[in-house]
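*Asks:* Sending over final17.txt (compact mmCIF, C-alpha atoms).
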# COMPACT_ATOMS: atom_id res chain seq x y z
CA MET F 1 122.20 88.52 98.79
CA GLY F 2 121.60 90.12 102.17
CA VAL F 3 124.03 89.90 105.05
CA ARG F 4 122.91 89.07 108.57
CA ASN F 5 124.92 89.96 111.65
CA THR F 6 124.10 89.26 115.26
CA GLY F 7 125.09 91.40 118.22
CA ASN F 8 124.76 91.41 121.97
CA GLY F 9 122.39 94.37 122.07
CA ALA F 10 125.05 96.97 122.75
CA GLY F 11 125.50 97.79 119.08
CA ARG F 12 129.30 98.12 119.36
CA GLY F 13 130.86 98.81 115.99
CA TRP F 14 127.46 99.43 114.40
CA SER F 15 128.36 102.79 112.87
CA GLY F 16 131.37 101.36 111.10
CA ARG F 17 129.43 98.44 109.66
CA ARG F 18 126.61 100.72 108.57
CA ALA F 19 128.99 103.11 106.80
CA ALA F 20 130.82 100.27 105.07
CA ALA F 21 127.57 98.74 103.90
CA ARG F 22 126.43 102.04 102.44
CA VAL F 23 129.64 102.64 100.50
CA LEU F 24 130.38 99.11 99.31
CA ALA F 25 126.94 97.60 98.77
CA PRO F 26 123.96 99.98 98.86
CA ALA F 27 121.56 97.06 98.35
CA MET F 28 122.81 95.25 101.42
CA ALA F 29 120.47 94.54 104.31
CA VAL F 30 121.76 94.13 107.83
CA VAL F 31 120.10 92.58 110.85
CA LEU F 32 121.27 93.03 114.41
CA ALA F 33 119.72 91.20 117.33
CA GLY F 34 120.23 91.36 121.05
CA THR F 35 118.92 90.12 124.35
CA GLY F 36 118.56 91.66 127.75
CA VAL F 37 116.87 91.14 131.08
CA ALA F 38 113.90 93.17 132.29
CA HIS F 39 113.00 93.05 135.97
CA ALA F 40 109.30 92.89 136.75
CA LEU F 41 107.21 92.41 139.86
CA GLY F 42 107.28 88.79 140.90
CA GLY F 43 110.43 87.83 139.01
CA VAL F 44 112.55 88.33 135.92
CA GLU F 45 111.32 88.27 132.35
CA SER F 46 113.19 88.12 129.07
CA ALA F 47 113.54 91.18 126.84
CA HIS F 48 115.07 91.27 123.38
CA TRP F 49 115.27 93.42 120.29
CA LEU F 50 115.96 93.26 116.58
CA ARG F 51 117.02 95.89 114.06
CA ALA F 52 116.93 95.35 110.30
CA TRP F 53 117.67 97.81 107.53
CA GLY F 54 118.50 97.95 103.86
CA TYR F 55 118.78 100.18 100.80
CA ALA F 56 116.08 99.54 98.23
CA VAL F 57 116.87 98.16 94.78
CA PRO F 58 114.45 97.15 92.02
CA PRO F 59 113.76 93.45 91.42
CA GLY F 60 116.45 91.85 89.26
CA HIS F 61 119.17 94.28 90.38
CA PRO F 62 122.67 92.77 89.84
CA ALA F 63 123.44 93.28 93.55
CA PRO F 64 120.17 92.13 95.13
CA GLY F 65 119.43 92.84 98.77
CA ASP F 66 116.65 92.25 101.27
CA ALA F 67 115.07 95.67 100.52
CA LEU F 68 113.16 96.04 97.26
CA THR F 69 111.32 98.87 95.53
CA TYR F 70 108.46 98.15 93.17
CA ASP F 71 107.68 101.83 92.42
CA GLU F 72 110.69 104.10 92.00
CA GLU F 73 108.55 107.22 91.82
CA LEU F 74 107.38 106.70 95.40
CA VAL F 75 110.39 104.77 96.75
CA PRO F 76 113.46 105.50 94.61
CA ALA F 77 116.33 103.05 94.42
CA GLY F 78 118.69 103.79 97.30
CA ALA F 79 115.92 104.70 99.74
CA ARG F 80 116.72 103.41 103.23
CA ILE F 81 114.22 101.34 105.21
CA GLN F 82 114.83 100.42 108.85
CA VAL F 83 112.72 98.42 111.31
CA VAL F 84 113.36 98.05 115.05
CA GLN F 85 111.38 95.53 117.11
CA ARG F 86 111.53 95.42 120.91
CA VAL F 87 109.90 92.59 122.87
CA SER F 88 109.37 92.44 126.62
CA GLY F 89 106.94 90.54 128.81
CA GLY F 90 104.70 89.26 126.04
CA ALA F 91 104.29 92.72 124.44
CA MET F 92 106.23 94.54 121.75
CA THR F 93 106.87 97.74 119.85
CA VAL F 94 107.72 97.90 116.16
CA GLU F 95 109.24 101.10 114.79
CA LEU F 96 109.72 102.06 111.14
CA GLU F 97 112.09 104.71 109.79
CA VAL F 98 112.50 105.54 106.10
CA ARG F 99 114.71 107.96 104.21
CA GLY F 100 114.74 108.95 100.56
CA VAL F 101 111.07 108.37 99.67
CA LEU F 102 108.76 110.83 97.86
CA PRO F 103 108.50 113.98 100.03
CA GLY F 104 105.05 114.87 101.34
CA HIS F 105 103.49 111.55 100.39
CA ALA F 106 101.32 109.54 102.83
CA PHE F 107 102.26 105.86 102.85
CA GLY F 108 100.71 102.79 104.41
CA ALA F 109 102.96 100.15 105.94
CA HIS F 110 102.25 96.75 107.52
CA VAL F 111 104.02 93.64 108.72
CA HIS F 112 103.43 90.76 106.29
CA GLN F 113 103.74 87.01 106.67
CA LEU F 114 106.35 86.03 104.05
CA PRO F 115 109.75 87.35 102.91
CA CYS F 116 109.99 89.86 100.07
CA GLY F 117 110.35 88.64 96.51
CA ASP F 118 110.58 89.97 92.96
CA ASP F 119 106.80 89.86 92.74
CA PRO F 120 105.17 92.31 95.21
CA ALA F 121 102.66 89.59 96.15
CA ASP F 122 105.47 87.29 97.37
CA SER F 123 105.30 88.78 100.88
CA GLY F 124 101.86 87.28 101.37
CA PRO F 125 99.04 88.75 103.49
CA HIS F 126 99.25 90.93 106.58
CA TYR F 127 100.30 89.23 109.78
CA GLN F 128 97.25 88.97 112.09
CA HIS F 129 97.41 88.21 115.79
CA ASP F 130 93.94 86.63 115.65
CA PRO F 131 92.92 85.75 112.06
CA GLU F 132 89.32 85.19 113.22
CA ALA F 133 88.95 88.41 115.23
CA GLU F 134 85.52 90.01 115.21
CA PRO F 135 84.05 92.04 113.70
CA GLU F 136 87.00 92.29 111.26
CA PRO F 137 90.57 90.99 111.71
CA ALA F 138 92.18 93.76 109.59
CA ASN F 139 92.55 96.52 112.17
CA PRO F 140 95.50 98.29 113.87
CA HIS F 141 95.00 96.35 117.12
CA ASN F 142 95.19 92.95 115.43
CA GLU F 143 97.87 93.81 112.85
CA VAL F 144 100.97 96.00 112.87
CA TRP F 145 100.18 99.21 110.95
CA LEU F 146 102.98 101.77 110.50
CA ASP F 147 101.52 104.49 108.27
CA PHE F 148 103.60 107.64 107.86
CA THR F 149 103.79 110.84 105.83
CA ALA F 150 107.23 111.69 104.48
CA ASP F 151 108.58 115.12 105.35
CA SER F 152 110.12 117.60 102.89
CA ALA F 153 113.38 115.63 102.97
CA GLY F 154 111.68 112.30 102.22
CA ARG F 155 111.96 110.97 105.78
CA GLY F 156 109.23 109.34 107.85
CA THR F 157 108.75 107.39 111.06
CA ALA F 158 105.99 105.35 112.67
CA LEU F 159 105.56 103.29 115.84
CA SER F 160 103.15 100.48 116.72
CA ARG F 161 102.69 99.11 120.27
CA GLN F 162 100.97 95.77 120.73
CA PRO F 163 100.13 93.73 123.87
CA TRP F 164 101.09 90.57 122.00
CA VAL F 165 104.08 89.15 120.08
CA PHE F 166 104.44 87.43 116.73
CA ARG F 167 104.06 83.68 116.41
CA PRO F 168 107.46 82.08 115.63
CA GLY F 169 108.33 82.22 111.94
CA GLU F 170 105.04 83.80 110.83
CA ALA F 171 106.09 87.46 110.40
CA ASN F 172 108.86 87.97 107.84
CA SER F 173 108.63 91.34 106.10
CA LEU F 174 107.67 95.00 106.30
CA VAL F 175 105.74 96.20 103.26
CA ILE F 176 105.28 99.86 102.32
CA HIS F 177 102.07 100.61 100.41
CA GLU F 178 101.09 103.36 98.00
CA HIS F 179 98.72 105.27 100.30
CA ALA F 180 97.58 105.49 103.91
CA THR F 181 95.64 102.53 105.27
CA GLY F 182 91.89 102.71 104.85
CA HIS F 183 88.92 100.52 105.72
CA GLY F 184 89.71 96.84 106.06
CA GLY F 185 93.45 97.42 105.99
CA ASP F 186 93.49 98.54 102.34
CA ALA F 187 96.54 100.70 101.54
CA GLY F 188 96.77 100.11 97.81
CA GLY F 189 99.63 98.61 95.89
CA ARG F 190 102.88 97.39 97.41
CA VAL F 191 105.65 99.86 96.59
CA ALA F 192 108.58 98.55 98.68
CA CYS F 193 109.48 95.66 100.96
CA LEU F 194 112.13 94.84 103.58
CA THR F 195 112.67 91.23 104.59
CA VAL F 196 112.74 91.02 108.40
CA GLY F 197 112.82 87.81 110.42
CA PHE F 198 110.74 89.23 113.26
CA THR F 199 111.28 87.65 116.64
CA ASP F 200 108.63 86.20 118.96
Using structure tokens, write down the structure that the file contains.

*Replies:*
Amino acid sequence: MGVRNTGNGAGRGWSGRRAAARVLAPAMAVVLAGTGVAHALGGVESAHWLRAWGYAVPPGHPAPGDALTYDEELVPAGARIQVVQRVSGGAMTVELEVRGVLPGHAFGAHVHQLPCGDDPADSGPHYQHDPEAEPEPANPHNEVWLDFTADSAGRGTALSRQPWVFRPGEANSLVIHEHATGHGGDAGGRVACLTVGFTD
């Protein structure tokens, strides 16, 4: 079962919690959230952020967490998946960082609608800002795509900037796919998943 913590955005004590989680429960997932104030022309607007991370375990693991691997060749058990979302003024960035995946491999990654589950399909379809967008709603401007190629140490990062934010409760996971995203948002099978309660 994952553990959720909330913070004030300063991240005080984060390193200690992270280290303890890694030693005591490698399957544990942690979420931190914070709020701030961003000054803009004409007034003040809200800004907030969220960080979620976990160590991947296969479905059915005796110490289940919010991070799952469905393909241990590409995403071995113990691989670390982290997502950071920053929201300000009706726009957002979503950043992905992974460690411990197959070196040199090109992965696809997208935000999906539902939480992770033992079945890779449990996370549902991609989140789409406008499900009826023309000519095709599956594109990197209407979805959050975070493709990356792992380096020689099995690390990778990706960043997506969008001029919109998620609808409340409709974006709940980050799914890593078996290859880079192609036409129509196709990135092959789902190889890992991190449950993230993305903020709006």

*Asks:* From the set F:His61, F:His105, F:Arg161, F:His126, which residue has the shortest atom-to-atom contact distance to Val84 in chain F, counting only C-alpha atoms?

*Replies:*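 For Val84 in chain F, the nearest of the given residues is F:Arg161.
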
*Asks:* Residues of range 78-102 of chain F that approach range 172-176 of chain F to 10 Å or less, counting only C-alpha atoms: could you list each one with the shortest pair of atoms and its distance in Å to one decimal, rows by chain and increasing residue number, as a Markdown table?

*Replies:*
| residue | atom | partner | partner_atom | distance |
| --- | --- | --- | --- | --- |
| F:Ile81 | CA | F:Leu174 | CA | 9.2 |
| F:Gln82 | CA | F:Leu174 | CA | 9.3 |
| F:Val83 | CA | F:Leu174 | CA | 7.9 |
| F:Leu96 | CA | F:Leu174 | CA | 8.8 |
| F:Val98 | CA | F:Ile176 | CA | 9.9 |

*Asks:* Restrict the selected residues to C-alpha atoms and save them as an mmCIF file, keeping the file's coordinate frame.

*Replies:*
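Written output follows (selection-v9.cif):
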data_model
loop_
_atom_site.group_PDB
_atom_site.id
_atom_site.type_symbol
_atom_site.label_atom_id
_atom_site.label_comp_id
_atom_site.auth_asym_id
_atom_site.auth_seq_id
_atom_site.Cartn_x
_atom_site.Cartn_y
_atom_site.Cartn_z
ATOM 1 C CA ILE F 81 114.220 101.340 105.210
ATOM 2 C CA GLN F 82 114.830 100.420 108.850
ATOM 3 C CA VAL F 83 112.720 98.420 111.310
ATOM 4 C CA LEU F 96 109.720 102.060 111.140
ATOM 5 C CA VAL F 98 112.500 105.540 106.100
#

*Asks:* Please determine, counting only C-alpha atoms, which residue among F:Thr199, F:Thr157, F:Gln128, F:Gln162 has the shortest atom-to-atom distance to Gly185 in chain F.

*Replies:*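 Nearest candidate to Gly185 in chain F out of F:Thr199, F:Thr157, F:Gln128, F:Gln162: F:Gln128.
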
*Asks:* Find the residue from F:Leu102, F:Ala138, F:Leu114, F:Ala77 that sits nearest to Asp186 in chain F; use only C-alpha atoms when measuring.

*Replies:*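 Among F:Leu102, F:Ala138, F:Leu114, F:Ala77, it is F:Ala138 that comes nearest to Asp186 in chain F.
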
*Asks:* Identify the residues around (90.3, 101.3, 110.6) within a radius of 10 Å, measuring from only C-alpha atoms in the coordinates stated by the file, and give them as a ChimeraX atom specification.

*Replies:* /F:136,138-141,181-186

*Asks:* In Å to one decimal, how far is CA of Gly65 in chain F from CA of Gly188 in chain F?

*Replies:*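 Between CA of Gly188 in chain F and CA of Gly65 in chain F the gap works out to 23.8 Å.
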
*Asks:* From the list F:Phe198, F:His177, F:Ala187, F:Tyr70, which residue is nearest Tyr127 in chain F when using only C-alpha atoms?

*Replies:*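 Of the candidates, the smallest distance to Tyr127 in chain F is held by F:Phe198.
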
*Asks:* Please compute the CA of Val75 in chain F-CA of His129 in chain F distance, one decimal, in Å.

*Replies:*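 One can read the CA of Val75 in chain F to CA of His129 in chain F distance as 28.4 Å.
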
*Asks:* Could you check the closest approach to Asp151 in chain F for each of F:Cys116, F:Ala133, F:Ala171, F:Val101 and tell me which residue wins, using all atoms listed in the file?

*Replies:* F:Val101

*Asks:* Work out how far apart CA of Arg167 in chain F and CA of Gln113 in chain F are and give it in Å to one decimal.

*Replies:*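 So the two atoms, CA of Arg167 in chain F and CA of Gln113 in chain F, lie 10.3 Å apart.
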
*Asks:* From the set F:Glu73, F:Asp122, F:Glu178, F:Glu143, which residue has the shortest atom-to-atom contact distance to Pro163 in chain F, counting all atoms listed in the file?

*Replies:*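 Answer, going by the shortest atom-to-atom distance: F:Glu143.
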
*Asks:* Would you mind putting back N, CA, C and O atoms on range 46-57 of chain F, then writing it out as a compact mmCIF listing (two decimals), in the frame of the given file?

*Replies:*
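Dumped everything to selection27.txt:
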# COMPACT_ATOMS: atom_id res chain seq x y z
N SER F 46 112.26 87.89 130.17
CA SER F 46 113.19 88.12 129.07
C SER F 46 112.78 89.34 128.26
O SER F 46 111.60 89.61 128.07
N ALA F 47 113.77 90.07 127.76
CA ALA F 47 113.54 91.18 126.84
C ALA F 47 114.56 91.07 125.72
O ALA F 47 115.71 90.72 125.96
N HIS F 48 114.15 91.34 124.50
CA HIS F 48 115.07 91.27 123.38
C HIS F 48 114.64 92.23 122.29
O HIS F 48 113.52 92.74 122.32
N TRP F 49 115.55 92.47 121.35
CA TRP F 49 115.27 93.42 120.29
C TRP F 49 115.91 92.96 118.99
O TRP F 49 116.79 92.10 118.98
N LEU F 50 115.45 93.56 117.91
CA LEU F 50 115.96 93.26 116.58
C LEU F 50 115.92 94.53 115.75
O LEU F 50 114.97 95.30 115.82
N ARG F 51 116.98 94.76 114.99
CA ARG F 51 117.02 95.89 114.06
C ARG F 51 117.39 95.37 112.68
O ARG F 51 118.36 94.62 112.54
N ALA F 52 116.63 95.75 111.67
CA ALA F 52 116.93 95.35 110.30
C ALA F 52 116.82 96.57 109.40
O ALA F 52 115.93 97.40 109.58
N TRP F 53 117.76 96.69 108.46
CA TRP F 53 117.67 97.81 107.53
C TRP F 53 118.31 97.44 106.20
O TRP F 53 119.12 96.52 106.12
N GLY F 54 117.93 98.18 105.18
CA GLY F 54 118.50 97.95 103.86
C GLY F 54 118.23 99.12 102.95
O GLY F 54 117.39 99.98 103.23
N TYR F 55 118.96 99.17 101.83
CA TYR F 55 118.78 100.18 100.80
C TYR F 55 118.04 99.52 99.64
O TYR F 55 118.43 98.46 99.15
N ALA F 56 116.97 100.16 99.21
CA ALA F 56 116.08 99.54 98.23
C ALA F 56 116.71 99.48 96.84
O ALA F 56 117.36 100.42 96.39
N VAL F 57 116.49 98.35 96.18
CA VAL F 57 116.87 98.16 94.78
C VAL F 57 115.67 97.56 94.06
O VAL F 57 114.82 96.91 94.67
